[in-house]
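**Student:** Following this line is my_file.cif, made up of mmCIF, C-alpha atoms and all ligand atoms:
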data_structure
loop_
_atom_site.label_atom_id
_atom_site.label_comp_id
_atom_site.auth_asym_id
_atom_site.auth_seq_id
_atom_site.Cartn_x
_atom_site.Cartn_y
_atom_site.Cartn_z
CA MET S 1 -20.00 -15.57 3.17
CA ASN S 2 -16.43 -14.49 3.48
CA THR S 3 -15.91 -10.76 3.43
CA ILE S 4 -13.89 -9.40 0.53
CA LEU S 5 -12.94 -5.86 -0.37
CA ARG S 6 -13.98 -4.65 -3.79
CA ILE S 7 -11.36 -2.23 -5.03
CA SER S 8 -11.83 -0.10 -8.15
CA ILE S 9 -8.83 1.16 -10.05
CA GLN S 10 -8.38 2.91 -13.39
CA LYS S 11 -8.60 0.49 -16.30
CA SER S 12 -6.14 2.18 -18.61
CA GLY S 13 -4.63 5.57 -18.08
CA ARG S 14 -2.08 7.50 -16.10
CA LEU S 15 -2.97 5.94 -12.76
CA SER S 16 -3.28 2.31 -13.87
CA GLU S 17 0.31 1.18 -13.68
CA ASP S 18 1.09 2.87 -10.36
CA SER S 19 -2.17 1.59 -8.84
CA LEU S 20 -1.35 -2.01 -9.79
CA ARG S 21 2.20 -1.56 -8.55
CA LEU S 22 0.95 -0.26 -5.19
CA PHE S 23 -1.09 -3.41 -4.52
CA LYS S 24 1.72 -5.61 -5.77
CA GLU S 25 4.16 -3.94 -3.39
CA CYS S 26 1.63 -4.59 -0.64
CA GLY S 27 1.99 -8.28 -1.47
CA ILE S 28 -1.38 -8.58 -3.20
CA GLU S 29 -1.28 -10.73 -6.33
CA LEU S 30 -4.00 -10.69 -8.99
CA SER S 31 -5.22 -13.76 -10.83
CA GLY S 32 -5.40 -13.89 -14.60
CA GLY S 33 -3.97 -11.21 -16.78
CA GLY S 34 -4.33 -9.64 -20.14
CA THR S 35 -5.59 -6.24 -21.04
CA GLY S 36 -9.27 -5.73 -21.57
CA ARG S 37 -10.24 -7.50 -18.37
CA LEU S 38 -12.81 -5.76 -16.22
CA LYS S 39 -12.45 -7.74 -13.01
CA ALA S 40 -9.74 -9.74 -11.26
CA GLN S 41 -9.53 -11.66 -8.00
CA ALA S 42 -6.65 -11.30 -5.59
CA THR S 43 -5.15 -14.73 -4.93
CA ASN S 44 -3.67 -14.07 -1.48
CA PHE S 45 -5.82 -11.30 0.05
CA PRO S 46 -9.61 -11.12 0.37
CA ALA S 47 -10.07 -8.59 -2.43
CA GLU S 48 -11.34 -8.30 -5.95
CA PHE S 49 -10.49 -5.54 -8.39
CA LEU S 50 -12.75 -3.69 -10.81
CA PHE S 51 -11.12 -1.86 -13.72
CA LEU S 52 -13.04 1.32 -14.51
CA ARG S 53 -12.83 4.73 -16.16
CA ASP S 54 -11.40 7.08 -13.56
CA ASP S 55 -14.52 9.28 -13.78
CA ASP S 56 -16.68 6.41 -12.46
CA ILE S 57 -14.56 5.36 -9.49
CA ALA S 58 -15.72 7.90 -6.91
CA GLY S 59 -19.38 7.20 -7.78
CA TYR S 60 -19.00 3.43 -7.42
CA VAL S 61 -17.37 3.90 -4.03
CA ALA S 62 -19.91 6.48 -2.85
CA ASP S 63 -22.75 4.12 -3.82
CA GLY S 64 -21.07 1.21 -2.07
CA VAL S 65 -20.80 -0.82 -5.31
CA ALA S 66 -17.07 -0.76 -4.66
CA ASP S 67 -15.58 -0.49 -1.16
CA LEU S 68 -12.37 1.25 -2.14
CA GLY S 69 -10.98 3.10 -5.10
CA VAL S 70 -7.84 4.77 -6.37
CA VAL S 71 -8.52 8.12 -8.00
CA GLY S 72 -6.94 11.54 -8.54
CA GLN S 73 -7.97 14.26 -6.07
CA ASN S 74 -8.83 16.44 -9.06
CA VAL S 75 -11.43 13.96 -10.29
CA LEU S 76 -12.65 13.27 -6.76
CA GLU S 77 -13.12 16.94 -5.90
CA GLU S 78 -14.85 17.62 -9.19
CA SER S 79 -17.21 14.66 -8.72
CA ASN S 80 -18.39 15.94 -5.33
CA LYS S 81 -19.14 12.36 -4.21
CA SER S 82 -19.16 11.59 -0.53
CA VAL S 83 -16.34 9.18 0.08
CA SER S 84 -13.61 9.33 2.66
CA ILE S 85 -9.94 9.66 1.82
CA ALA S 86 -8.18 6.72 3.48
CA LYS S 87 -4.63 7.46 2.28
CA LEU S 88 -2.69 9.86 0.08
CA LEU S 89 -0.73 7.70 -2.35
CA GLY S 90 2.04 10.00 -3.55
CA PHE S 91 1.74 9.22 -7.28
CA GLY S 92 -0.25 10.77 -10.15
CA LYS S 93 0.82 14.23 -9.05
CA CYS S 94 -0.40 17.09 -11.19
CA ARG S 95 -1.94 20.52 -10.87
CA LEU S 96 -4.96 22.24 -12.27
CA SER S 97 -4.05 25.67 -13.60
CA ILE S 98 -5.57 28.67 -15.28
CA ALA S 99 -3.83 29.35 -18.61
CA VAL S 100 -4.16 32.30 -20.93
CA PRO S 101 -2.87 33.15 -24.44
CA ARG S 102 0.84 33.80 -24.33
CA SER S 103 0.46 37.32 -25.66
CA ASP S 104 -1.93 38.30 -22.84
CA GLU S 105 -0.59 40.24 -19.94
CA TYR S 106 -1.72 38.39 -16.82
CA ARG S 107 -1.38 40.09 -13.46
CA SER S 108 -3.88 38.35 -11.26
CA ILE S 109 -7.05 36.29 -11.26
CA GLN S 110 -9.00 39.59 -11.23
CA ASP S 111 -8.03 39.92 -14.92
CA LEU S 112 -10.56 37.17 -15.66
CA GLU S 113 -13.51 39.23 -14.39
CA GLY S 114 -16.26 39.05 -17.03
CA LYS S 115 -14.22 36.69 -19.24
CA SER S 116 -15.03 33.14 -20.31
CA ILE S 117 -13.02 30.12 -19.17
CA ALA S 118 -13.13 26.70 -20.83
CA THR S 119 -12.57 23.72 -18.55
CA SER S 120 -13.40 20.09 -17.80
CA TYR S 121 -13.37 21.04 -14.12
CA PRO S 122 -16.28 23.48 -13.75
CA ARG S 123 -16.84 22.85 -10.04
CA ILE S 124 -13.23 23.34 -8.94
CA THR S 125 -12.85 26.35 -11.23
CA ALA S 126 -16.09 27.97 -10.04
CA ALA S 127 -15.18 27.41 -6.39
CA TYR S 128 -11.79 29.05 -6.89
CA LEU S 129 -13.23 32.05 -8.71
CA ALA S 130 -15.97 32.49 -6.12
CA ASN S 131 -13.39 32.38 -3.37
CA LYS S 132 -11.47 35.19 -5.11
CA GLY S 133 -14.65 37.17 -5.77
CA VAL S 134 -14.23 36.95 -9.54
CA ARG S 135 -17.26 36.55 -11.81
CA ALA S 136 -16.48 34.72 -15.04
CA ASP S 137 -18.35 32.54 -17.48
CA ILE S 138 -17.44 28.88 -17.24
CA HIS S 139 -17.70 26.79 -20.41
CA GLU S 140 -17.65 23.12 -19.62
CA ILE S 141 -16.00 21.01 -22.31
CA SER S 142 -14.89 17.43 -21.91
CA GLY S 143 -11.61 17.39 -23.81
CA SER S 144 -9.07 19.32 -25.90
CA VAL S 145 -9.60 22.27 -23.62
CA GLU S 146 -6.38 23.95 -24.74
CA ILE S 147 -7.66 24.84 -28.19
CA ALA S 148 -10.61 26.85 -26.81
CA PRO S 149 -8.88 30.27 -26.90
CA SER S 150 -7.51 29.83 -30.43
CA ILE S 151 -10.96 28.98 -31.82
CA GLY S 152 -12.60 31.85 -29.98
CA LEU S 153 -14.56 29.70 -27.52
CA ALA S 154 -13.05 31.20 -24.40
CA SER S 155 -10.42 33.69 -23.37
CA ALA S 156 -8.75 31.39 -20.83
CA VAL S 157 -8.71 27.73 -19.86
CA CYS S 158 -8.42 25.78 -16.64
CA ASP S 159 -6.81 22.40 -17.16
CA ILE S 160 -4.31 19.84 -15.87
CA VAL S 161 -0.73 20.96 -16.37
CA SER S 162 2.33 18.82 -15.89
CA SER S 163 5.23 19.92 -18.08
CA GLY S 164 3.42 22.79 -19.77
CA SER S 165 4.33 21.53 -23.24
CA THR S 166 0.68 21.09 -24.31
CA LEU S 167 -0.01 24.67 -23.28
CA LEU S 168 3.01 25.91 -25.20
CA ALA S 169 2.00 23.99 -28.33
CA ASN S 170 -1.38 25.78 -28.20
CA GLY S 171 0.03 29.25 -27.69
CA LEU S 172 -0.91 29.38 -24.00
CA LYS S 173 0.98 30.10 -20.81
CA GLU S 174 0.28 28.93 -17.28
CA ALA S 175 -1.12 31.87 -15.33
CA GLU S 176 -2.06 30.46 -11.96
CA PRO S 177 -2.20 27.02 -10.35
CA ILE S 178 -5.51 26.56 -8.53
CA PHE S 179 -5.50 22.94 -7.30
CA TYR S 180 -2.73 20.43 -6.52
CA SER S 181 -3.59 16.77 -6.88
CA GLU S 182 -2.24 13.31 -6.28
CA ALA S 183 -3.81 9.86 -6.33
CA VAL S 184 -5.70 8.88 -3.19
CA LEU S 185 -7.21 5.70 -1.80
CA VAL S 186 -10.88 6.42 -1.15
CA ALA S 187 -13.26 4.36 0.95
CA SER S 188 -17.00 4.02 1.03
CA PRO S 189 -18.51 5.82 4.03
CA LYS S 190 -20.56 2.72 4.88
CA LEU S 191 -17.99 -0.06 5.27
CA SER S 192 -18.96 -2.99 7.48
CA GLU S 193 -16.80 -3.67 10.50
CA GLU S 194 -15.20 -6.67 8.73
CA LYS S 195 -14.35 -4.55 5.70
CA GLN S 196 -12.98 -1.77 7.90
CA THR S 197 -10.64 -4.37 9.45
CA LEU S 198 -9.43 -5.40 5.99
CA LEU S 199 -8.98 -1.74 5.04
CA ASN S 200 -6.88 -1.20 8.18
CA GLN S 201 -4.67 -4.14 7.15
CA LEU S 202 -4.28 -2.66 3.70
CA ILE S 203 -3.40 0.78 5.07
CA PHE S 204 -0.83 -0.82 7.38
CA ARG S 205 0.83 -2.42 4.34
CA ILE S 206 0.70 0.82 2.30
CA GLU S 207 2.38 2.69 5.16
CA ALA S 208 5.14 0.07 5.34
CA VAL S 209 5.74 0.41 1.61
CA GLN S 210 5.70 4.23 1.75
CA ALA S 211 8.07 4.36 4.74
CA ALA S 212 10.46 1.99 2.97
CA LYS S 213 10.47 4.19 -0.14
CA ASN S 214 11.37 7.28 1.86
CA ASN S 215 14.19 5.64 3.76
CA LYS S 216 17.48 3.92 3.01
CA TYR S 217 19.59 1.46 4.93
CA ILE S 218 23.06 2.93 5.45
CA LEU S 219 26.25 1.08 6.40
CA LEU S 220 29.64 2.66 6.93
CA ASN S 221 33.00 2.15 8.58
CA ALA S 222 34.30 4.66 11.13
CA PRO S 223 37.24 5.06 13.49
CA ASN S 224 36.07 4.17 17.03
CA GLU S 225 36.59 7.71 18.32
CA ALA S 226 34.06 9.02 15.75
CA VAL S 227 31.35 6.45 16.52
CA GLU S 228 29.50 8.58 19.04
CA ALA S 229 29.30 11.65 16.78
CA ILE S 230 28.28 9.58 13.76
CA ALA S 231 25.67 7.68 15.78
CA ALA S 232 24.18 11.04 16.77
CA LEU S 233 23.88 11.95 13.08
CA LEU S 234 22.24 8.61 12.25
CA PRO S 235 19.71 7.94 15.00
CA GLY S 236 17.85 5.40 12.81
CA MET S 237 14.68 3.79 14.06
CA LYS S 238 15.79 3.36 17.67
CA SER S 239 19.55 3.69 17.60
CA PRO S 240 22.19 2.56 15.13
CA THR S 241 23.87 -0.85 15.30
CA VAL S 242 27.60 -0.58 16.03
CA LEU S 243 29.77 -3.64 15.35
CA PRO S 244 33.54 -3.99 15.71
CA LEU S 245 35.48 -4.45 12.48
CA ALA S 246 38.15 -7.15 12.23
CA GLN S 247 40.67 -4.31 11.97
CA SER S 248 41.16 -2.92 15.47
CA GLY S 249 40.22 0.70 16.19
CA TRP S 250 37.38 0.61 13.61
CA SER S 251 33.65 -0.05 13.77
CA SER S 252 30.86 -0.66 11.31
CA ILE S 253 27.74 1.45 11.84
CA HIS S 254 24.34 0.42 10.43
CA SER S 255 21.31 2.68 10.47
CA VAL S 256 18.28 3.94 8.56
CA ILE S 257 18.22 7.40 7.05
CA ASN S 258 15.57 9.46 5.33
CA GLU S 259 16.24 9.80 1.63
CA ASN S 260 16.08 13.60 1.84
CA GLU S 261 18.49 13.78 4.77
CA PHE S 262 21.09 11.57 3.13
CA TRP S 263 22.65 14.23 0.91
CA GLU S 264 22.52 16.80 3.71
CA LYS S 265 24.43 14.52 6.08
CA ILE S 266 26.90 12.90 3.75
CA ALA S 267 29.46 15.72 4.01
CA SER S 268 29.41 15.69 7.82
CA LEU S 269 29.75 11.91 7.87
CA ARG S 270 32.86 12.08 5.70
CA GLU S 271 34.32 14.91 7.77
CA LEU S 272 33.91 12.73 10.85
CA GLY S 273 35.98 10.04 9.11
CA ALA S 274 33.29 7.73 7.75
CA GLN S 275 34.48 5.47 4.93
CA GLY S 276 33.03 2.78 2.69
CA ILE S 277 29.53 4.22 2.91
CA LEU S 278 26.86 1.94 1.42
CA VAL S 279 23.27 3.05 0.92
CA VAL S 280 20.81 0.26 0.23
CA PRO S 281 17.09 0.34 -0.61
CA ILE S 282 14.61 -0.99 1.93
CA GLU S 283 11.69 -3.10 0.72
CA LYS S 284 9.31 -2.84 3.68
CA MET S 285 9.58 -0.84 6.89
CA ILE S 286 7.41 -1.29 9.98
CA LEU S 287 7.90 1.49 12.49
P1 LIG S 301 -10.20 7.50 -18.20
O1 LIG S 301 -10.18 6.83 -19.53
O2 LIG S 301 -10.00 6.51 -17.09
O3 LIG S 301 -11.36 8.42 -17.99
P2 LIG S 301 -8.62 9.95 -18.34
O4 LIG S 301 -8.20 10.19 -19.75
O5 LIG S 301 -9.78 10.71 -17.80
O6 LIG S 301 -8.85 8.38 -18.17
P3 LIG S 301 -5.85 10.12 -17.48
O7 LIG S 301 -5.32 11.03 -18.51
O8 LIG S 301 -5.46 8.68 -17.56
O9 LIG S 301 -7.45 10.23 -17.35
O10 LIG S 301 -5.44 10.72 -16.06
C1 LIG S 301 -5.84 10.11 -14.88
C2 LIG S 301 -5.41 10.99 -13.73
O11 LIG S 301 -4.00 11.04 -13.66
C3 LIG S 301 -5.80 12.45 -13.78
O12 LIG S 301 -7.15 12.65 -13.39
C4 LIG S 301 -4.85 13.07 -12.79
O13 LIG S 301 -5.30 12.86 -11.46
C5 LIG S 301 -3.59 12.23 -12.98
N1 LIG S 301 -2.49 12.88 -13.71
C6 LIG S 301 -1.20 12.89 -13.34
N2 LIG S 301 -0.44 13.55 -14.20
C7 LIG S 301 -1.22 13.98 -15.17
C8 LIG S 301 -1.00 14.71 -16.37
N3 LIG S 301 0.20 15.13 -16.74
N4 LIG S 301 -2.06 14.97 -17.15
C9 LIG S 301 -3.27 14.51 -16.82
N5 LIG S 301 -3.54 13.80 -15.70
C10 LIG S 301 -2.53 13.54 -14.88
MG MG S 302 -11.47 10.20 -17.12
#
Go ahead and render the structure in this file as structure tokens.
**Tutor:**
Amino acid sequence: MNTILRISIQKSGRLSEDSLRLFKECGIELSGGGTGRLKAQATNFPAEFLFLRDDDIAGYVADGVADLGVVGQNVLEESNKSVSIAKLLGFGKCRLSIAVPRSDEYRSIQDLEGKSIATSYPRITAAYLANKGVRADIHEISGSVEIAPSIGLASAVCDIVSSGSTLLANGLKEAEPIFYSEAVLVASPKLSEEKQTLLNQLIFRIEAVQAAKNNKYILLNAPNEAVEAIAALLPGMKSPTVLPLAQSGWSSIHSVINENEFWEKIASLRELGAQGILVVPIEKMIL
């Protein structure tokens, strides 16, 4: 039988679209379509996809029912399943924070000593409190955690925060972030050698996609006397390409630059006499 990787991703939720996009960018196409499907085959890679609730993904992977999964670190940590993290994926970023009523004065986590905290993340919350030496009562509830203080269920909450608008709408304020999360690719600890080889191929593709996202292709024109200084600013992958322009005394320089460095370097490039600067996205990048 041919080996295929069984990959579980969230069926419908905040990670679904980005998870599908990730595999698409890795050149993996899925057969069929339509919402409501629970399974799909990849047409050009030995993989099949299972669409699950995010809470179930780590368990399926830990049990070996699925080989890989895409899940938030928050859910993974809370589930306490033994899977290995194969790759951080850079999307689905959020944080788990302690929040208290806006009128409360909050100085430190010690203020929660003897209080009750409502959360859907009892394990992560308890671990954080234990680490700080704070004893508090943890009330596990599965949803609508933010209303707990206003109905007298708890004096604080610990929940996912992104913009803070849900907290605000419930009269709460963020007191302390306790866990930062992003989506991760997890792998079963008992992959066969053949599956490990497929996973390595997949990771190779993910890294090419991630590197491309973080970098841009840059082209510019420069007077010949500035080429050396500009080349030093734009080392690229090995060294920049320098080509003569039709107009004598000028060259075209091509290189690759990290997205973050671009704005830092742009002023120096212009000071050195660079003109006609073009910055172009890169689709895939193999280092
Ligand atoms: P499911 O139906 O699959 O159980 P869910 O309702 O539990 O879905 P979602 O709200 O879709 O989960 O969130 C999935 C994951 O997305 C979270 O566990 C978290 O890792 C991540 N995430 C990113 N930003 C946010 C956010 N602003 N709020 C909540 N989760 C976020
Ligand atoms: Mg869920």
**Student:** Set the cut-off to 8 Å, count all atoms listed in the file, and list whatever residues fall near ligand LIG 301 (chain S) as an mmCIF file with C-alpha atoms, keeping the file's coordinate frame.
**Tutor:**
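Now in pocket.cif:
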data_model
loop_
_atom_site.group_PDB
_atom_site.id
_atom_site.type_symbol
_atom_site.label_atom_id
_atom_site.label_comp_id
_atom_site.auth_asym_id
_atom_site.auth_seq_id
_atom_site.Cartn_x
_atom_site.Cartn_y
_atom_site.Cartn_z
ATOM 1 C CA GLN S 10 -8.380 2.910 -13.390
ATOM 2 C CA LYS S 11 -8.600 0.490 -16.300
ATOM 3 C CA SER S 12 -6.140 2.180 -18.610
ATOM 4 C CA GLY S 13 -4.630 5.570 -18.080
ATOM 5 C CA ARG S 14 -2.080 7.500 -16.100
ATOM 6 C CA LEU S 15 -2.970 5.940 -12.760
ATOM 7 C CA SER S 16 -3.280 2.310 -13.870
ATOM 8 C CA LEU S 52 -13.040 1.320 -14.510
ATOM 9 C CA ARG S 53 -12.830 4.730 -16.160
ATOM 10 C CA ASP S 54 -11.400 7.080 -13.560
ATOM 11 C CA ASP S 55 -14.520 9.280 -13.780
ATOM 12 C CA ASP S 56 -16.680 6.410 -12.460
ATOM 13 C CA VAL S 71 -8.520 8.120 -8.000
ATOM 14 C CA GLY S 72 -6.940 11.540 -8.540
ATOM 15 C CA GLN S 73 -7.970 14.260 -6.070
ATOM 16 C CA ASN S 74 -8.830 16.440 -9.060
ATOM 17 C CA VAL S 75 -11.430 13.960 -10.290
ATOM 18 C CA PHE S 91 1.740 9.220 -7.280
ATOM 19 C CA GLY S 92 -0.250 10.770 -10.150
ATOM 20 C CA LYS S 93 0.820 14.230 -9.050
ATOM 21 C CA CYS S 94 -0.400 17.090 -11.190
ATOM 22 C CA ARG S 95 -1.940 20.520 -10.870
ATOM 23 C CA ILE S 160 -4.310 19.840 -15.870
ATOM 24 C CA VAL S 161 -0.730 20.960 -16.370
ATOM 25 C CA SER S 162 2.330 18.820 -15.890
ATOM 26 C CA SER S 163 5.230 19.920 -18.080
ATOM 27 C CA SER S 181 -3.590 16.770 -6.880
ATOM 28 C CA GLU S 182 -2.240 13.310 -6.280
ATOM 29 C CA ALA S 183 -3.810 9.860 -6.330
#
**Student:** So which residues touch S:Leu68 within 7 Å, counting all atoms listed in the file, skipping near sequence neighbours fewer than 6 positions away, as a list in words?
**Tutor:**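 The residues that qualify are Arg6, Ile7, Ser8, Val61, Leu185, Val186, Ala187 and Ser188 of chain S.
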**Student:** Could you state the separation of atom CA of S:Trp263 and atom CA of S:Leu278 in Å, given to one decimal place?
**Tutor:**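 Interatomic distance, atom CA of S:Trp263 to atom CA of S:Leu278: 13.0 Å.
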**Student:** Within 10 Å of S:Leu129, counting all atoms listed in the file, which residues show up once you throw out same-chain ones fewer than 5 positions away? Write them as a ChimeraX atom specification, please.
**Tutor:** /S:109-110,112-113,123-124,134-136,178
**Student:** Take the residues from that selection and write them out as a PDB file, in the coordinates of the input, keeping C-alpha atoms.
**Tutor:**
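What landed in again-v1.pdb:
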ATOM      1  CA  ILE S 109      -7.050  36.290 -11.260  1.00  0.00           C
ATOM      2  CA  GLN S 110      -9.000  39.590 -11.230  1.00  0.00           C
ATOM      3  CA  LEU S 112     -10.560  37.170 -15.660  1.00  0.00           C
ATOM      4  CA  GLU S 113     -13.510  39.230 -14.390  1.00  0.00           C
ATOM      5  CA  ARG S 123     -16.840  22.850 -10.040  1.00  0.00           C
ATOM      6  CA  ILE S 124     -13.230  23.340  -8.940  1.00  0.00           C
ATOM      7  CA  VAL S 134     -14.230  36.950  -9.540  1.00  0.00           C
ATOM      8  CA  ARG S 135     -17.260  36.550 -11.810  1.00  0.00           C
ATOM      9  CA  ALA S 136     -16.480  34.720 -15.040  1.00  0.00           C
ATOM     10  CA  ILE S 178      -5.510  26.560  -8.530  1.00  0.00           C
TER      11      ILE S 178
END
**Student:** Choose the residue, out of S:Asn215, S:Val242, S:Ser255, S:Glu207, that has the smallest atom-to-atom separation from S:Ala86; count only C-alpha atoms.
**Tutor:**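 Once distances to S:Ala86 are computed over only C-alpha atoms, the minimum belongs to S:Glu207.
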**Student:** State, in Å with one decimal place, the distance from atom CA of S:Thr166 to atom CA of S:Glu17.
**Tutor:**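 Taking atom CA of S:Thr166 and atom CA of S:Glu17, their separation equals 22.6 Å.
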**Student:** Expressed in Å to a single decimal, how great is the separation between atom CA of S:Ser120 and atom CA of S:Tyr60?
**Tutor:**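 Atom CA of S:Tyr60 lies 20.4 Å from atom CA of S:Ser120.
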**Student:** Return the single residue from S:Leu76, S:Ala62, S:Glu261, S:Ala208 that is closest to ligand MG 302 (chain S), with distances computed using all atoms listed in the file.
**Tutor:**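 Among the listed residues, S:Leu76 lies closest to ligand MG 302 (chain S).
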**Student:** Identify the residues within 10 Å of coordinate (-17.1, 20.2, -22.3) (same frame as the file), considering only C-alpha atoms, and give the answer as a PyMOL selection string.
**Tutor:** chain S and resi 118-122+139-145
**Student:** Name all residues at most 10 Å from S:Pro149 (count all atoms listed in the file; drop same-chain ones fewer than 2 positions away) and give them as a PyMOL selection string.
**Tutor:** chain S and resi 99-101+116-118+145-147+151-157+170-172
**Student:** May I ask which of the residues S:Asp104, S:Glu194, S:Glu259, S:Glu264 is the closest one to S:Pro46, counting only C-alpha atoms?
**Tutor:**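 Of the candidates, the smallest distance to S:Pro46 is held by S:Glu194.
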**Student:** Would you kindly identify which residues have an atom no farther than 12 Å from (16.6, 8.2, 5.0), using only C-alpha atoms and the file's own coordinates, and write them out as a PyMOL selection string?
**Tutor:** chain S and resi 211-218+233-237+255-266+279-282+285
**Student:** Taking C-alpha atoms for each residue, export the selection above as a short mmCIF file (atom, residue, chain, number, x, y, z; two decimals), keeping the file's coordinate frame.
**Tutor:**
data_model
loop_
_atom_site.label_atom_id
_atom_site.label_comp_id
_atom_site.auth_asym_id
_atom_site.auth_seq_id
_atom_site.Cartn_x
_atom_site.Cartn_y
_atom_site.Cartn_z
CA ALA S 211 8.07 4.36 4.74
CA ALA S 212 10.46 1.99 2.97
CA LYS S 213 10.47 4.19 -0.14
CA ASN S 214 11.37 7.28 1.86
CA ASN S 215 14.19 5.64 3.76
CA LYS S 216 17.48 3.92 3.01
CA TYR S 217 19.59 1.46 4.93
CA ILE S 218 23.06 2.93 5.45
CA LEU S 233 23.88 11.95 13.08
CA LEU S 234 22.24 8.61 12.25
CA PRO S 235 19.71 7.94 15.00
CA GLY S 236 17.85 5.40 12.81
CA MET S 237 14.68 3.79 14.06
CA SER S 255 21.31 2.68 10.47
CA VAL S 256 18.28 3.94 8.56
CA ILE S 257 18.22 7.40 7.05
CA ASN S 258 15.57 9.46 5.33
CA GLU S 259 16.24 9.80 1.63
CA ASN S 260 16.08 13.60 1.84
CA GLU S 261 18.49 13.78 4.77
CA PHE S 262 21.09 11.57 3.13
CA TRP S 263 22.65 14.23 0.91
CA GLU S 264 22.52 16.80 3.71
CA LYS S 265 24.43 14.52 6.08
CA ILE S 266 26.90 12.90 3.75
CA VAL S 279 23.27 3.05 0.92
CA VAL S 280 20.81 0.26 0.23
CA PRO S 281 17.09 0.34 -0.61
CA ILE S 282 14.61 -0.99 1.93
CA MET S 285 9.58 -0.84 6.89
#
**Student:** So, with only C-alpha atoms and all ligand atoms as the atoms that count, which of S:Glu105, S:Glu29, S:Ala58, S:Ile4 lies closest to ligand MG 302 (chain S)?
**Tutor:**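 Checking each of S:Glu105, S:Glu29, S:Ala58, S:Ile4 against ligand MG 302 (chain S), counting only C-alpha atoms and all ligand atoms, the winner is S:Ala58.
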**Student:** Which polymer residues have any atom within 10 Å of an atom of S:Thr43, counting only C-alpha atoms, with same-chain residues fewer than 2 positions away left out, as a list of chain:residue names?
**Tutor:**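 Listed by chain and then number, they are S:Ile28, S:Glu29, S:Leu30, S:Ser31, S:Gly32, S:Ala40, S:Gln41, S:Phe45, S:Pro46, S:Ala47, S:Glu48.
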**Student:** Centre and edge lengths, as AutoDock Vina command-line options, for the axis-aligned box enclosing every listed atom of stretch 75-89 of chain S with 4 Å of padding on each of the six sides, in Å to one decimal?
**Tutor:**
--center_x -9.9 --center_y 12.2 --center_z -3.4 --size_x 26.4 --size_y 18.9 --size_z 21.8
**Student:** In terms of the shortest atom-to-atom distance over only C-alpha atoms and all ligand atoms, which of S:Leu243, S:Ile85, S:Ile57, S:Leu5 is closest to ligand MG 302 (chain S)?
**Tutor:**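 When distances to ligand MG 302 (chain S) are compared using only C-alpha atoms and all ligand atoms, the smallest one comes from S:Ile57.
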**Student:** Find, counting all atoms listed in the file, the residue in S:Asp18, S:Ala66, S:Glu78, S:Cys26 that gets nearest to ligand MG 302 (chain S).
**Tutor:** S:Glu78
**Student:** Dump stretch 97-132 of chain S with C-alpha atoms to a file, as a PDB file, in the first residue's frame.
**Tutor:**
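Produced file part.pdb, reproduced below:
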ATOM      1  CA  SER S  97      -4.836  36.739  29.391  1.00  0.00           C
ATOM      2  CA  ILE S  98      -6.167  37.248  32.860  1.00  0.00           C
ATOM      3  CA  ALA S  99      -8.877  39.938  32.854  1.00  0.00           C
ATOM      4  CA  VAL S 100     -10.597  41.623  35.757  1.00  0.00           C
ATOM      5  CA  PRO S 101     -13.542  44.053  36.132  1.00  0.00           C
ATOM      6  CA  ARG S 102     -12.558  47.472  34.880  1.00  0.00           C
ATOM      7  CA  SER S 103     -13.223  49.102  38.235  1.00  0.00           C
ATOM      8  CA  ASP S 104     -10.810  46.743  40.039  1.00  0.00           C
ATOM      9  CA  GLU S 105      -7.381  47.979  40.863  1.00  0.00           C
ATOM     10  CA  TYR S 106      -4.978  45.328  39.567  1.00  0.00           C
ATOM     11  CA  ARG S 107      -1.345  45.480  40.636  1.00  0.00           C
ATOM     12  CA  SER S 108      -0.082  41.969  40.167  1.00  0.00           C
ATOM     13  CA  ILE S 109      -1.133  38.345  39.925  1.00  0.00           C
ATOM     14  CA  GLN S 110      -0.854  38.173  43.739  1.00  0.00           C
ATOM     15  CA  ASP S 111      -4.132  40.150  43.827  1.00  0.00           C
ATOM     16  CA  LEU S 112      -5.887  36.955  42.723  1.00  0.00           C
ATOM     17  CA  GLU S 113      -4.869  35.038  45.855  1.00  0.00           C
ATOM     18  CA  GLY S 114      -7.990  33.330  47.232  1.00  0.00           C
ATOM     19  CA  LYS S 115     -10.163  34.592  44.345  1.00  0.00           C
ATOM     20  CA  SER S 116     -12.039  32.594  41.729  1.00  0.00           C
ATOM     21  CA  ILE S 117     -11.133  32.635  38.037  1.00  0.00           C
ATOM     22  CA  ALA S 118     -13.413  31.445  35.234  1.00  0.00           C
ATOM     23  CA  THR S 119     -11.694  29.955  32.200  1.00  0.00           C
ATOM     24  CA  SER S 120     -11.847  27.402  29.392  1.00  0.00           C
ATOM     25  CA  TYR S 121      -8.121  26.859  29.932  1.00  0.00           C
ATOM     26  CA  PRO S 122      -7.882  25.388  33.440  1.00  0.00           C
ATOM     27  CA  ARG S 123      -4.560  23.619  32.886  1.00  0.00           C
ATOM     28  CA  ILE S 124      -2.673  26.614  31.477  1.00  0.00           C
ATOM     29  CA  THR S 125      -4.207  28.915  34.087  1.00  0.00           C
ATOM     30  CA  ALA S 126      -3.407  26.573  36.982  1.00  0.00           C
ATOM     31  CA  ALA S 127       0.172  26.109  35.781  1.00  0.00           C
ATOM     32  CA  TYR S 128       0.692  29.864  35.592  1.00  0.00           C
ATOM     33  CA  LEU S 129      -0.763  30.485  39.046  1.00  0.00           C
ATOM     34  CA  ALA S 130       1.258  27.652  40.565  1.00  0.00           C
ATOM     35  CA  ASN S 131       4.394  29.055  39.018  1.00  0.00           C
ATOM     36  CA  LYS S 132       3.663  32.421  40.657  1.00  0.00           C
TER      37      LYS S 132
END
